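**Student:** My structure file final-v1.csv, CSV, C-alpha atoms and all ligand atoms, is below:
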chain,number,residue,atom,x,y,z
X,10,MET,CA,-69.4,-51.3,-3.4
X,11,THR,CA,-67.4,-50.3,-6.5
X,12,ASP,CA,-64.5,-52.6,-7.4
X,13,PRO,CA,-61.3,-50.7,-8.2
X,14,ALA,CA,-60.2,-53.3,-10.7
X,15,SER,CA,-63.4,-52.9,-12.7
X,16,GLU,CA,-63.0,-49.1,-12.5
X,17,ARG,CA,-59.5,-49.5,-14.0
X,18,ARG,CA,-60.8,-51.7,-16.8
X,19,ARG,CA,-63.6,-49.1,-17.5
X,20,MET,CA,-61.0,-46.3,-17.6
X,21,ALA,CA,-58.8,-48.3,-19.9
X,22,ALA,CA,-61.8,-48.9,-22.2
X,23,VAL,CA,-62.5,-45.1,-22.3
X,24,LEU,CA,-58.8,-44.5,-23.2
X,25,VAL,CA,-59.0,-47.1,-26.0
X,26,ASP,CA,-62.2,-45.5,-27.3
X,27,ARG,CA,-60.6,-42.1,-27.3
X,28,GLY,CA,-57.8,-43.6,-29.5
X,29,VAL,CA,-55.0,-42.8,-27.0
X,30,LEU,CA,-54.4,-46.2,-25.5
X,31,LYS,CA,-53.1,-48.6,-28.2
X,32,SER,CA,-50.4,-50.9,-27.0
X,33,PRO,CA,-51.5,-54.1,-25.1
X,34,ARG,CA,-48.6,-53.7,-22.6
X,35,LEU,CA,-49.7,-50.2,-21.7
X,36,ARG,CA,-53.3,-51.3,-21.4
X,37,ALA,CA,-52.2,-54.1,-19.0
X,38,ALA,CA,-50.5,-51.4,-16.9
X,39,VAL,CA,-53.5,-49.1,-16.9
X,40,GLU,CA,-55.7,-52.1,-15.8
X,41,SER,CA,-53.3,-52.9,-13.0
X,42,VAL,CA,-51.9,-49.7,-11.4
X,43,PRO,CA,-54.2,-48.4,-8.7
X,44,ARG,CA,-54.4,-44.7,-9.4
X,45,GLU,CA,-56.4,-44.0,-6.2
X,46,GLN,CA,-53.3,-45.1,-4.1
X,47,PHE,CA,-51.2,-42.3,-5.8
X,48,LEU,CA,-53.7,-39.6,-4.8
X,49,ARG,CA,-53.2,-39.8,-1.0
X,50,PRO,CA,-53.7,-37.9,1.1
X,51,GLY,CA,-56.2,-36.3,-1.3
X,52,VAL,CA,-56.9,-34.0,-4.2
X,53,PHE,CA,-58.1,-30.4,-4.7
X,54,LEU,CA,-61.2,-30.2,-7.0
X,55,ASP,CA,-61.5,-27.1,-9.1
X,56,GLU,CA,-64.4,-24.8,-8.1
X,57,GLY,CA,-63.5,-21.9,-10.3
X,58,ARG,CA,-61.9,-19.4,-7.9
X,59,THR,CA,-61.2,-21.9,-5.1
X,60,TRP,CA,-60.1,-25.5,-4.7
X,61,ARG,CA,-62.1,-28.0,-2.6
X,62,PRO,CA,-60.1,-30.5,-0.7
X,63,VAL,CA,-61.2,-34.1,-1.0
X,64,THR,CA,-59.4,-36.8,1.0
X,65,ALA,CA,-59.6,-40.5,0.7
X,66,ALA,CA,-60.3,-40.7,4.4
X,67,GLY,CA,-63.1,-38.2,4.4
X,68,THR,CA,-64.9,-39.4,1.3
X,69,ASP,CA,-67.3,-42.2,0.5
X,70,PRO,CA,-65.2,-45.0,-1.0
X,71,ASP,CA,-67.3,-45.3,-4.2
X,72,GLU,CA,-67.1,-41.5,-4.7
X,73,TRP,CA,-63.3,-41.6,-4.1
X,74,LEU,CA,-62.9,-44.2,-6.8
X,75,ARG,CA,-65.2,-42.3,-9.2
X,76,ILE,CA,-62.8,-39.2,-8.7
X,77,ALA,CA,-59.7,-41.3,-9.1
X,78,TYR,CA,-60.8,-42.9,-12.3
X,79,SER,CA,-62.4,-39.8,-13.8
X,80,VAL,CA,-59.8,-39.2,-16.6
X,81,ASP,CA,-59.2,-35.7,-15.2
X,82,SER,CA,-56.1,-34.0,-14.0
X,83,LEU,CA,-56.2,-34.0,-10.2
X,84,THR,CA,-54.4,-31.3,-8.3
X,85,THR,CA,-52.5,-32.8,-5.3
X,86,GLN,CA,-50.6,-29.7,-4.1
X,87,LEU,CA,-51.1,-26.0,-4.1
X,88,ASP,CA,-48.5,-23.2,-3.7
X,89,GLY,CA,-45.7,-25.7,-3.4
X,90,ARG,CA,-46.7,-26.9,0.1
X,91,LEU,CA,-50.5,-27.4,0.7
X,92,THR,CA,-52.1,-30.9,0.5
X,93,ALA,CA,-55.8,-31.7,0.8
X,94,GLY,CA,-55.1,-33.4,4.1
X,95,GLN,CA,-54.0,-30.1,5.6
X,96,VAL,CA,-57.2,-28.0,5.0
X,97,GLY,CA,-60.8,-28.6,5.8
X,98,VAL,CA,-62.4,-25.9,3.6
X,99,SER,CA,-62.0,-24.6,0.1
X,100,VAL,CA,-58.9,-22.5,-0.5
X,101,VAL,CA,-57.3,-20.3,-3.1
X,102,GLY,CA,-54.0,-21.3,-4.5
X,103,VAL,CA,-51.9,-22.2,-7.5
X,104,PRO,CA,-51.5,-25.9,-8.5
X,105,THR,CA,-47.9,-27.0,-8.1
X,106,SER,CA,-48.3,-30.8,-8.4
X,107,SER,CA,-50.9,-33.1,-9.8
X,108,SER,CA,-51.8,-36.4,-11.3
X,109,THR,CA,-52.0,-35.5,-14.9
X,110,ASP,CA,-55.1,-36.7,-16.6
X,111,PRO,CA,-54.6,-40.4,-17.7
X,112,ALA,CA,-55.5,-39.6,-21.4
X,113,THR,CA,-52.5,-37.2,-21.6
X,114,VAL,CA,-50.2,-39.6,-19.6
X,115,VAL,CA,-51.1,-42.6,-21.8
X,116,ASP,CA,-50.8,-40.5,-25.0
X,117,MET,CA,-47.3,-39.4,-24.0
X,118,ILE,CA,-46.2,-42.9,-23.0
X,119,GLU,CA,-47.4,-44.2,-26.3
X,120,ALA,CA,-45.5,-41.4,-28.1
X,121,LEU,CA,-42.3,-42.7,-26.5
X,122,ASP,CA,-42.5,-45.9,-28.7
X,123,LEU,CA,-41.3,-48.0,-25.8
X,124,ALA,CA,-39.7,-51.4,-26.3
X,125,ALA,CA,-38.7,-54.1,-23.8
X,126,GLY,CA,-35.4,-53.2,-22.1
X,127,HIS,CA,-35.7,-49.4,-22.7
X,128,ARG,CA,-34.3,-47.2,-19.9
X,129,VAL,CA,-36.4,-44.2,-19.2
X,130,LEU,CA,-35.8,-40.9,-17.4
X,131,GLU,CA,-39.0,-39.2,-16.2
X,132,VAL,CA,-38.8,-35.5,-15.1
X,133,GLY,CA,-41.7,-34.5,-12.8
X,134,THR,CA,-42.7,-37.5,-10.7
X,135,GLY,CA,-45.7,-35.8,-9.2
X,136,THR,CA,-47.9,-38.5,-7.7
X,137,GLY,CA,-45.8,-41.3,-9.2
X,138,TYR,CA,-48.8,-42.6,-11.2
X,139,SER,CA,-47.2,-42.2,-14.6
X,140,THR,CA,-43.9,-43.6,-13.2
X,141,ALA,CA,-45.9,-46.7,-12.0
X,142,LEU,CA,-47.4,-47.2,-15.5
X,143,MET,CA,-43.9,-47.2,-17.0
X,144,CYS,CA,-42.5,-49.4,-14.3
X,145,HIS,CA,-45.3,-51.9,-15.1
X,146,TYR,CA,-44.5,-51.7,-18.8
X,147,LEU,CA,-40.6,-51.8,-18.6
X,148,GLY,CA,-39.7,-53.2,-15.2
X,149,GLU,CA,-38.9,-51.0,-12.2
X,150,ASP,CA,-35.1,-51.0,-12.8
X,151,ASN,CA,-35.5,-49.4,-16.1
X,152,VAL,CA,-37.3,-46.3,-14.8
X,153,THR,CA,-35.6,-43.3,-13.1
X,154,THR,CA,-37.8,-40.4,-12.0
X,155,VAL,CA,-36.8,-37.0,-10.8
X,156,GLU,CA,-39.0,-34.7,-8.7
X,157,VAL,CA,-37.9,-31.3,-7.5
X,158,ASP,CA,-40.2,-31.1,-4.4
X,159,PRO,CA,-38.9,-33.3,-1.6
X,160,GLN,CA,-42.3,-33.9,0.0
X,161,VAL,CA,-43.9,-34.7,-3.3
X,162,ALA,CA,-41.0,-37.1,-4.1
X,163,ALA,CA,-41.4,-38.8,-0.7
X,164,ARG,CA,-45.1,-39.3,-1.1
X,165,ALA,CA,-44.6,-40.7,-4.7
X,166,ASP,CA,-41.8,-43.0,-3.5
X,167,ALA,CA,-44.1,-44.4,-0.7
X,168,ALA,CA,-47.0,-44.9,-3.1
X,169,LEU,CA,-44.7,-46.6,-5.7
X,170,GLU,CA,-43.4,-48.9,-3.0
X,171,ALA,CA,-46.9,-49.7,-1.8
X,172,ALA,CA,-47.9,-50.5,-5.3
X,173,GLY,CA,-44.9,-52.9,-5.6
X,174,PHE,CA,-42.4,-50.7,-7.6
X,175,SER,CA,-39.0,-50.1,-6.1
X,176,THR,CA,-37.9,-47.6,-8.7
X,177,TRP,CA,-35.3,-44.9,-8.6
X,178,THR,CA,-37.2,-41.9,-7.3
X,179,VAL,CA,-34.7,-39.0,-7.1
X,180,THR,CA,-35.2,-35.7,-5.4
X,181,GLY,CA,-33.6,-33.1,-7.5
X,182,ASP,CA,-33.9,-30.6,-10.4
X,183,GLY,CA,-34.9,-32.6,-13.4
X,184,LEU,CA,-33.7,-29.7,-15.7
X,185,LEU,CA,-30.3,-31.3,-15.0
X,186,GLY,CA,-31.5,-34.8,-15.9
X,187,HIS,CA,-30.0,-37.5,-13.8
X,188,PRO,CA,-26.5,-38.2,-15.1
X,189,TYR,CA,-25.8,-41.1,-12.7
X,190,ARG,CA,-28.1,-43.5,-14.5
X,191,ALA,CA,-27.5,-42.1,-18.1
X,192,PRO,CA,-27.6,-42.9,-20.9
X,193,TYR,CA,-31.3,-43.3,-21.4
X,194,ASP,CA,-33.3,-44.5,-24.3
X,195,ARG,CA,-36.1,-42.1,-23.5
X,196,VAL,CA,-36.6,-38.9,-21.6
X,197,ILE,CA,-40.1,-37.8,-20.8
X,198,ALA,CA,-41.0,-34.5,-18.9
X,199,THR,CA,-44.4,-33.9,-17.3
X,200,CYS,CA,-43.7,-30.3,-16.5
X,201,ALA,CA,-43.3,-27.5,-19.1
X,202,VAL,CA,-39.9,-26.0,-19.9
X,203,ARG,CA,-39.0,-22.8,-21.7
X,204,ARG,CA,-36.7,-24.9,-23.9
X,205,ILE,CA,-35.6,-28.5,-23.9
X,206,PRO,CA,-32.5,-28.6,-21.6
X,207,TYR,CA,-29.5,-29.7,-23.6
X,208,VAL,CA,-28.5,-32.2,-20.9
X,209,TRP,CA,-31.6,-34.3,-21.7
X,210,ILE,CA,-30.1,-34.8,-25.1
X,211,ARG,CA,-26.7,-35.4,-23.8
X,212,GLN,CA,-28.0,-38.1,-21.5
X,213,THR,CA,-30.0,-39.9,-24.2
X,214,LYS,CA,-28.5,-42.5,-26.5
X,215,PRO,CA,-28.3,-41.8,-30.2
X,216,GLY,CA,-31.6,-42.8,-31.7
X,217,GLY,CA,-33.3,-42.2,-28.4
X,218,ILE,CA,-36.4,-40.0,-27.9
X,219,VAL,CA,-36.8,-36.8,-25.7
X,220,LEU,CA,-40.4,-35.8,-25.1
X,221,GLY,CA,-41.3,-32.6,-23.3
X,222,THR,CA,-43.6,-29.6,-23.3
X,223,VAL,CA,-42.1,-26.3,-24.4
X,224,GLY,CA,-43.4,-22.8,-23.6
X,225,SER,CA,-43.9,-20.7,-20.5
X,226,TRP,CA,-47.5,-19.5,-20.8
X,227,PRO,CA,-50.4,-21.5,-19.3
X,228,TRP,CA,-51.6,-22.0,-22.9
X,229,GLY,CA,-49.8,-21.9,-26.2
X,230,THR,CA,-47.4,-24.6,-25.3
X,231,GLY,CA,-46.4,-27.5,-27.5
X,232,LEU,CA,-45.2,-31.1,-27.0
X,233,ALA,CA,-41.8,-31.5,-28.6
X,234,LYS,CA,-40.7,-34.9,-29.7
X,235,LEU,CA,-37.0,-35.1,-30.6
X,236,VAL,CA,-34.9,-37.9,-31.9
X,237,VAL,CA,-31.3,-37.7,-30.7
X,238,GLY,CA,-28.6,-37.9,-33.5
X,239,ASP,CA,-25.1,-39.5,-33.5
X,240,ASP,CA,-23.5,-36.0,-33.4
X,241,GLY,CA,-25.1,-34.8,-30.2
X,242,THR,CA,-27.9,-32.8,-31.8
X,243,ALA,CA,-31.6,-33.6,-31.9
X,244,ASP,CA,-34.3,-33.1,-34.5
X,245,GLY,CA,-38.0,-33.3,-34.1
X,246,VAL,CA,-41.5,-31.8,-34.3
X,247,ILE,CA,-44.1,-30.3,-32.1
X,248,VAL,CA,-46.5,-33.2,-32.1
X,249,GLY,CA,-49.4,-31.3,-30.6
X,250,ARG,CA,-50.8,-28.9,-28.0
X,251,SER,CA,-49.8,-29.7,-24.5
X,252,PRO,CA,-50.7,-27.9,-21.3
X,253,PHE,CA,-48.5,-28.6,-18.3
X,254,MET,CA,-47.5,-26.7,-15.2
X,255,GLN,CA,-44.1,-25.0,-15.5
X,256,ALA,CA,-40.9,-26.5,-14.2
X,257,ARG,CA,-40.4,-24.8,-10.8
X,258,ALA,CA,-37.2,-22.9,-11.4
X,259,GLN,CA,-38.6,-21.5,-14.7
X,260,ALA,CA,-42.1,-20.5,-13.4
X,261,MET,CA,-42.4,-16.8,-14.1
X,262,ALA,CA,-43.6,-14.5,-11.3
X,263,PRO,CA,-46.7,-12.7,-12.6
X,264,VAL,CA,-46.0,-9.1,-13.7
X,265,ALA,CA,-47.4,-7.1,-10.8
X,266,GLY,CA,-47.7,-3.5,-9.7
X,267,ASP,CA,-48.8,-0.5,-11.6
X,268,LEU,CA,-48.8,-1.7,-15.2
X,269,SER,CA,-49.5,1.8,-16.7
X,270,ALA,CA,-46.4,3.1,-14.8
X,271,ARG,CA,-44.3,0.3,-16.3
X,272,ALA,CA,-45.5,1.4,-19.8
X,273,ALA,CA,-45.4,5.1,-19.1
X,274,TYR,CA,-42.6,6.0,-21.6
X,275,ALA,CA,-43.0,4.6,-25.1
X,276,ASP,CA,-40.6,4.9,-28.0
X,277,SER,CA,-43.2,4.4,-30.6
X,278,GLU,CA,-47.0,4.3,-31.1
X,279,ARG,CA,-49.0,3.0,-34.1
X,280,ARG,CA,-52.1,1.0,-35.1
X,281,THR,CA,-51.7,-2.8,-35.1
X,282,ARG,CA,-52.2,-4.8,-38.2
X,283,VAL,CA,-53.3,-7.8,-36.1
X,284,SER,CA,-55.5,-7.7,-33.1
X,285,PRO,CA,-53.5,-8.6,-29.9
X,286,LEU,CA,-56.6,-10.6,-28.9
X,287,VAL,CA,-55.2,-13.4,-31.1
X,288,LEU,CA,-52.6,-14.0,-28.5
X,289,GLU,CA,-55.4,-15.6,-26.4
X,290,LYS,CA,-55.5,-18.4,-29.0
X,291,TRP,CA,-53.2,-21.4,-28.8
X,292,MET,CA,-51.1,-21.3,-32.0
X,293,PRO,CA,-50.6,-17.5,-32.0
X,294,ALA,CA,-49.5,-17.7,-28.4
X,295,PHE,CA,-47.0,-20.4,-29.3
X,296,LEU,CA,-45.7,-18.3,-32.2
X,297,THR,CA,-45.3,-15.3,-29.9
X,298,GLN,CA,-43.2,-17.4,-27.5
X,299,LEU,CA,-41.0,-18.4,-30.4
X,300,ALA,CA,-40.7,-14.8,-31.7
X,301,VAL,CA,-40.0,-13.2,-28.3
X,302,PRO,CA,-39.1,-16.0,-25.8
X,303,GLY,CA,-39.4,-14.9,-22.1
X,304,THR,CA,-42.2,-12.5,-22.8
X,305,GLN,CA,-45.4,-12.5,-20.7
X,306,PHE,CA,-48.9,-11.6,-21.8
X,307,VAL,CA,-51.0,-9.6,-19.4
X,308,ARG,CA,-54.8,-8.8,-19.5
X,309,ALA,CA,-56.1,-5.7,-17.8
X,310,THR,CA,-58.8,-3.1,-18.1
X,311,ARG,CA,-58.7,0.7,-18.1
X,312,GLY,CA,-60.7,2.8,-15.6
X,313,ASP,CA,-63.5,3.2,-18.2
X,314,GLY,CA,-63.8,-0.6,-18.5
X,315,SER,CA,-62.1,-0.8,-22.0
X,316,PRO,CA,-59.6,-3.6,-22.5
X,317,LEU,CA,-55.9,-3.3,-22.1
X,318,ARG,CA,-53.4,-5.9,-23.1
X,319,TYR,CA,-49.6,-6.0,-22.5
X,320,LEU,CA,-46.5,-7.9,-23.5
X,321,PHE,CA,-43.7,-7.5,-21.0
X,322,ASP,CA,-40.2,-8.9,-21.3
X,323,PRO,CA,-38.6,-8.3,-17.9
X,324,GLU,CA,-35.2,-9.5,-19.0
X,325,LYS,CA,-35.0,-7.3,-22.1
X,326,GLU,CA,-36.8,-4.4,-20.2
X,327,SER,CA,-39.2,-4.0,-23.0
X,328,PHE,CA,-43.0,-3.7,-23.3
X,329,ALA,CA,-45.8,-3.4,-25.7
X,330,GLU,CA,-49.1,-1.8,-24.5
X,331,PHE,CA,-52.3,-2.3,-26.5
X,332,LEU,CA,-55.2,0.1,-26.2
X,333,ALA,CA,-58.6,-0.7,-27.8
X,334,ASP,CA,-60.2,1.9,-30.0
X,335,GLY,CA,-63.5,0.4,-31.1
X,336,GLU,CA,-62.5,-2.6,-33.3
X,337,SER,CA,-58.9,-1.4,-33.8
X,338,TRP,CA,-56.0,-1.3,-31.5
X,339,THR,CA,-53.1,1.0,-30.9
X,340,VAL,CA,-49.7,-0.4,-29.7
X,341,ARG,CA,-47.2,1.6,-27.7
X,342,GLN,CA,-43.8,0.0,-27.5
X,343,GLY,CA,-40.9,0.8,-25.3
X,344,GLY,CA,-37.5,-0.5,-24.4
X,345,PRO,CA,-34.6,-1.9,-26.6
X,346,VAL,CA,-36.8,-4.6,-28.3
X,347,ALA,CA,-39.9,-3.6,-30.2
X,348,LEU,CA,-41.7,-6.8,-29.1
X,349,TRP,CA,-44.9,-6.4,-31.1
X,350,ASP,CA,-43.0,-5.7,-34.3
X,351,ASP,CA,-41.3,-9.1,-34.0
X,352,VAL,CA,-44.6,-10.9,-33.0
X,353,GLU,CA,-46.7,-9.2,-35.6
X,354,ARG,CA,-44.2,-10.1,-38.4
X,355,SER,CA,-44.5,-13.7,-37.4
X,356,LEU,CA,-48.3,-13.6,-37.1
X,357,VAL,CA,-48.7,-12.0,-40.5
X,358,ALA,CA,-46.3,-14.5,-42.2
X,359,TRP,CA,-48.2,-17.3,-40.4
X,360,GLN,CA,-51.6,-16.1,-41.6
X,361,ASP,CA,-50.1,-15.7,-45.2
X,362,ALA,CA,-48.9,-19.3,-45.0
X,363,GLY,CA,-52.5,-20.5,-44.3
X,364,ALA,CA,-52.3,-20.5,-40.5
X,365,PRO,CA,-50.8,-24.0,-40.1
X,366,GLU,CA,-51.4,-25.8,-36.8
X,367,ILE,CA,-48.8,-26.4,-34.1
X,368,ASP,CA,-47.8,-29.8,-35.5
X,369,SER,CA,-46.3,-28.1,-38.5
X,370,VAL,CA,-43.5,-26.7,-36.3
X,371,ARG,CA,-40.1,-28.5,-36.5
X,372,LEU,CA,-37.2,-28.0,-34.2
X,373,ARG,CA,-33.5,-28.7,-34.0
X,374,VAL,CA,-31.5,-28.6,-30.8
X,375,THR,CA,-27.7,-28.3,-30.7
X,376,PRO,CA,-25.5,-27.5,-27.7
X,377,ALA,CA,-25.5,-23.8,-28.9
X,378,SER,CA,-28.9,-23.2,-30.2
X,379,HIS,CA,-32.6,-24.1,-30.6
X,380,SER,CA,-34.0,-23.6,-34.1
X,381,TYR,CA,-37.8,-23.7,-34.9
X,382,TRP,CA,-39.3,-23.5,-38.3
X,383,ILE,CA,-42.3,-24.3,-40.4
X,384,ASP,CA,-41.6,-26.0,-43.7
X,385,HIS,CA,-42.4,-24.1,-46.9
X,386,ALA,CA,-42.6,-20.8,-45.0
X,387,PRO,CA,-39.1,-19.3,-45.1
X,388,SER,CA,-40.0,-16.3,-43.0
X,389,LEU,CA,-41.3,-18.6,-40.2
X,390,ARG,CA,-38.0,-19.5,-38.6
X,391,TRP,CA,-36.7,-18.6,-35.2
X,392,GLU,CA,-33.2,-19.2,-33.8
X,393,HIS,CA,-32.7,-19.1,-30.0
X,394,ARG,CA,-29.0,-19.0,-29.2
X,395,ILE,CA,-27.9,-20.3,-25.8
X,396,ALA,CA,-25.9,-17.6,-24.2
X,401,LIG,C1,-48.0,-32.3,-13.6
X,401,LIG,S1,-47.0,-32.9,-12.3
X,401,LIG,C2,-46.5,-34.5,-12.7
X,401,LIG,C3,-47.5,-35.5,-13.0
X,401,LIG,C4,-47.0,-36.9,-12.8
X,401,LIG,N1,-46.2,-37.3,-13.9
X,401,LIG,C5,-48.2,-37.8,-12.6
X,401,LIG,O1,-48.7,-38.5,-13.5
X,401,LIG,O2,-48.7,-37.8,-11.5
X,401,LIG,C6,-45.5,-32.0,-12.5
X,401,LIG,C7,-44.5,-32.2,-11.4
X,401,LIG,O3,-43.3,-31.7,-11.9
X,401,LIG,C8,-42.6,-31.3,-10.7
X,401,LIG,N2,-41.5,-30.4,-11.2
X,401,LIG,C9,-41.5,-29.1,-11.5
X,401,LIG,N3,-40.3,-28.6,-11.8
X,401,LIG,C10,-39.5,-29.7,-11.7
X,401,LIG,C11,-38.1,-29.8,-11.9
X,401,LIG,N4,-37.3,-28.8,-12.3
X,401,LIG,N5,-37.5,-31.0,-11.7
X,401,LIG,C12,-38.3,-32.1,-11.4
X,401,LIG,N6,-39.6,-32.0,-11.1
X,401,LIG,C13,-40.2,-30.8,-11.3
X,401,LIG,C14,-43.6,-30.7,-9.9
X,401,LIG,O4,-43.2,-30.5,-8.5
X,401,LIG,C15,-44.8,-31.6,-10.1
X,401,LIG,O5,-44.8,-32.6,-9.1
Just give me the structure as C-alpha cells.
**Tutor:**
Amino acid sequence: MTDPASERRRMAAVLVDRGVLKSPRLRAAVESVPREQFLRPGVFLDEGRTWRPVTAAGTDPDEWLRIAYSVDSLTTQLDGRLTAGQVGVSVVGVPTSSSTDPATVVDMIEALDLAAGHRVLEVGTGTGYSTALMCHYLGEDNVTTVEVDPQVAARADAALEAAGFSTWTVTGDGLLGHPYRAPYDRVIATCAVRRIPYVWIRQTKPGGIVLGTVGSWPWGTGLAKLVVGDDGTADGVIVGRSPFMQARAQAMAPVAGDLSARAAYADSERRTRVSPLVLEKWMPAFLTQLAVPGTQFVRATRGDGSPLRYLFDPEKESFAEFLADGESWTVRQGGPVALWDDVERSLVAWQDAGAPEIDSVRLRVTPASHSYWIDHAPSLRWEHRIA
C-alpha cells in the first residue's frame, strides 16, 4: 500500500529536480500538504474529446495517490457545475475549476519572494491546494483566498479545515480583490485576466508584488509580475508563458454562427505580409492580444477543405478574414478597426527586432492605463487606456 507521505516527498524531489522548488519552507509545505484531500470528490482525466470521471471512492487507493501526486493539472469541475462524483461515464465539457499542476503552483509561489509575516491575497481558490501550501508557509491568518464559485469555495474551505488550515476563504469576485483584509504584501491570481485589475494594486502595499496571468486566449498568455510603487502605480515584466483558465466574468463566449455571413462585407482586401498561422504560436498570439485586446482568433475550413482563419472583435464590430491561396494568404478586413493592419505591424516590428521571447515584455499599470513595451524596439509599444 502506497504511503501518501512518501508520495509527497517523491513529488517534492521531482519539483526540486525540475528547478522550480527552491525554498526549504516551501519544500516543507509540499511534503506536508495532502493534495489528494483537495481533490474530493474526484477529478476528470483528459481523454481528448471527453473527460473521464475518477473519484477517490471508486478508485484503488494506490492509483488515486498516483493521480494526486502526478504533477499534472487535475480538472475538478466542468461547465461551472459538474463534479466527478455526479457522473458515472465520460462526458464532454469545458474545465472551470482545477488543481493547477504543482510545478506551476510552486513556481508561482517562489516568484512571490515570500517572507515570514507577509499577508497574501489569492484570487482563484479552486481546490484550495495552493492556498494550503501558502498557509503552511506563512500561517493561516496571513492568507486570504477568493473564489467566485460558491460550491467550489465551500469544498475548498472544507478541505482546508480538514487539513488544519482555518484560513479566510471568501466567496466573491476576485477581480475586485478583497478590500476588507487589505493591504496585502502579495497578490497572486490563479485564473487569467484580460488585464491586471487596478484594485489589486491599490490593495497592495508599496514594494509589494502582484502576480497574475494576462491574456484571454487559451494560449499566448503571460505571467505578469508587478512591483507596486509609492505613487499607486506598478511596474513589472512578463516573466514567462502561463496558461490558466480565464476569470469567469471575463471568459469570452466562442464566436458562433455563420462566420462567412459575419465577414460578408469587407472594406478592404489584400495579400498578407505575414501568415496568420503564426497566431497559433505563443508569442505572436500574445502580441496580437496586446495590439488588438478583446479580439478572438477562430479556425475554420471552407467547403473545399481549405483553411480559413478569422480575427473577430465583437466590441469594436470588426473582423479580419484570412483565405489561403497555396502558400500565401489574402486578408479581408471589415468594420471600424483594421485589426490585421495593427497586428501585422506589430508582428513585422517584432520579427525585425529579432523575435524576442515573452519575457522581454515590460508593463506599467496606472489607474488610467496599462502600457506594455519591449526595450530597444520603439515601435513595440502598446497603450491600453481604461475607459
Ligand atoms: C485553475 S483554478 C485554481 C487553482 C487553485 N489555485 C489550485 O491550486 O487548486 C482557477 C479558479 O479560479 C476561479 N475563478 C475564476 N474567476 C474568478 C474570479 N473572478 N474570482 C475568483 N475566482 C475565480 C475558478 O472558479 C477556479 O476555481
**Student:** Taking every listed atom of range 121-128 of chain X and adding 5 Å to each side, what centre and edge lengths in Å (one decimal) does the axis-aligned box have, as JSON?
**Tutor:**
{"center_x": -38.4, "center_y": -48.4, "center_z": -24.3, "size_x": 18.2, "size_y": 21.4, "size_z": 18.8}
**Student:** Extract, using only C-alpha atoms, all DNA, RNA and protein residues at most 8 Å from range 227-241 of chain X, discarding same-chain residues fewer than 4 positions from it, and format them as an mmCIF file with C-alpha atoms, keeping the file's coordinate frame.
**Tutor:**
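Output (part.cif):
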data_model
loop_
_atom_site.group_PDB
_atom_site.id
_atom_site.type_symbol
_atom_site.label_atom_id
_atom_site.label_comp_id
_atom_site.auth_asym_id
_atom_site.auth_seq_id
_atom_site.Cartn_x
_atom_site.Cartn_y
_atom_site.Cartn_z
ATOM 1 C CA ALA X 201 -43.300 -27.500 -19.100
ATOM 2 C CA ILE X 210 -30.100 -34.800 -25.100
ATOM 3 C CA ARG X 211 -26.700 -35.400 -23.800
ATOM 4 C CA THR X 213 -30.000 -39.900 -24.200
ATOM 5 C CA LYS X 214 -28.500 -42.500 -26.500
ATOM 6 C CA PRO X 215 -28.300 -41.800 -30.200
ATOM 7 C CA GLY X 216 -31.600 -42.800 -31.700
ATOM 8 C CA GLY X 217 -33.300 -42.200 -28.400
ATOM 9 C CA ILE X 218 -36.400 -40.000 -27.900
ATOM 10 C CA VAL X 219 -36.800 -36.800 -25.700
ATOM 11 C CA LEU X 220 -40.400 -35.800 -25.100
ATOM 12 C CA GLY X 221 -41.300 -32.600 -23.300
ATOM 13 C CA THR X 222 -43.600 -29.600 -23.300
ATOM 14 C CA VAL X 223 -42.100 -26.300 -24.400
ATOM 15 C CA GLY X 245 -38.000 -33.300 -34.100
ATOM 16 C CA VAL X 246 -41.500 -31.800 -34.300
ATOM 17 C CA ILE X 247 -44.100 -30.300 -32.100
ATOM 18 C CA VAL X 248 -46.500 -33.200 -32.100
ATOM 19 C CA GLY X 249 -49.400 -31.300 -30.600
ATOM 20 C CA ARG X 250 -50.800 -28.900 -28.000
ATOM 21 C CA SER X 251 -49.800 -29.700 -24.500
ATOM 22 C CA PRO X 252 -50.700 -27.900 -21.300
ATOM 23 C CA PHE X 253 -48.500 -28.600 -18.300
ATOM 24 C CA MET X 254 -47.500 -26.700 -15.200
ATOM 25 C CA LYS X 290 -55.500 -18.400 -29.000
ATOM 26 C CA TRP X 291 -53.200 -21.400 -28.800
ATOM 27 C CA MET X 292 -51.100 -21.300 -32.000
ATOM 28 C CA PRO X 293 -50.600 -17.500 -32.000
ATOM 29 C CA ALA X 294 -49.500 -17.700 -28.400
ATOM 30 C CA PHE X 295 -47.000 -20.400 -29.300
ATOM 31 C CA ILE X 367 -48.800 -26.400 -34.100
ATOM 32 C CA LEU X 372 -37.200 -28.000 -34.200
ATOM 33 C CA THR X 375 -27.700 -28.300 -30.700
ATOM 34 C CA PRO X 376 -25.500 -27.500 -27.700
#
**Student:** Kindly indicate which residue among X:Glu45, X:Asp110, X:Glu119, X:Asp69 lies nearest to ligand LIG 401 (chain X), using only C-alpha atoms and all ligand atoms for the distances.
**Tutor:**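 Distance minimum relative to ligand LIG 401 (chain X) lands on X:Asp110.
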**Student:** Excluding Thr136 in chain X and residues on its chain fewer than 6 positions from it, collect all residues at most 12 Å away from it, counting only C-alpha atoms, and give them as a PyMOL selection string.
**Tutor:** chain X and resi 43-52+82-86+92+105-110+142+154-156+158+160-169+178+199
**Student:** Quick one, how far is CA of Ala124 in chain X from atom N3 of ligand LIG 401 (chain X)?
**Tutor:**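 Atom N3 of ligand LIG 401 (chain X) lies 27.0 Å from CA of Ala124 in chain X.
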**Student:** Around the point (-40.7, 0.9, -28.1) in the file's coordinates, collect all residues with an atom within 12 Å, using only C-alpha atoms, and return them as a list of chain:residue names.
**Tutor:** X:Ala272, X:Ala273, X:Tyr274, X:Ala275, X:Asp276, X:Ser277, X:Glu278, X:Arg279, X:Leu320, X:Phe321, X:Asp322, X:Lys325, X:Glu326, X:Ser327, X:Phe328, X:Ala329, X:Glu330, X:Val340, X:Arg341, X:Gln342, X:Gly343, X:Gly344, X:Pro345, X:Val346, X:Ala347, X:Leu348, X:Trp349, X:Asp350, X:Asp351
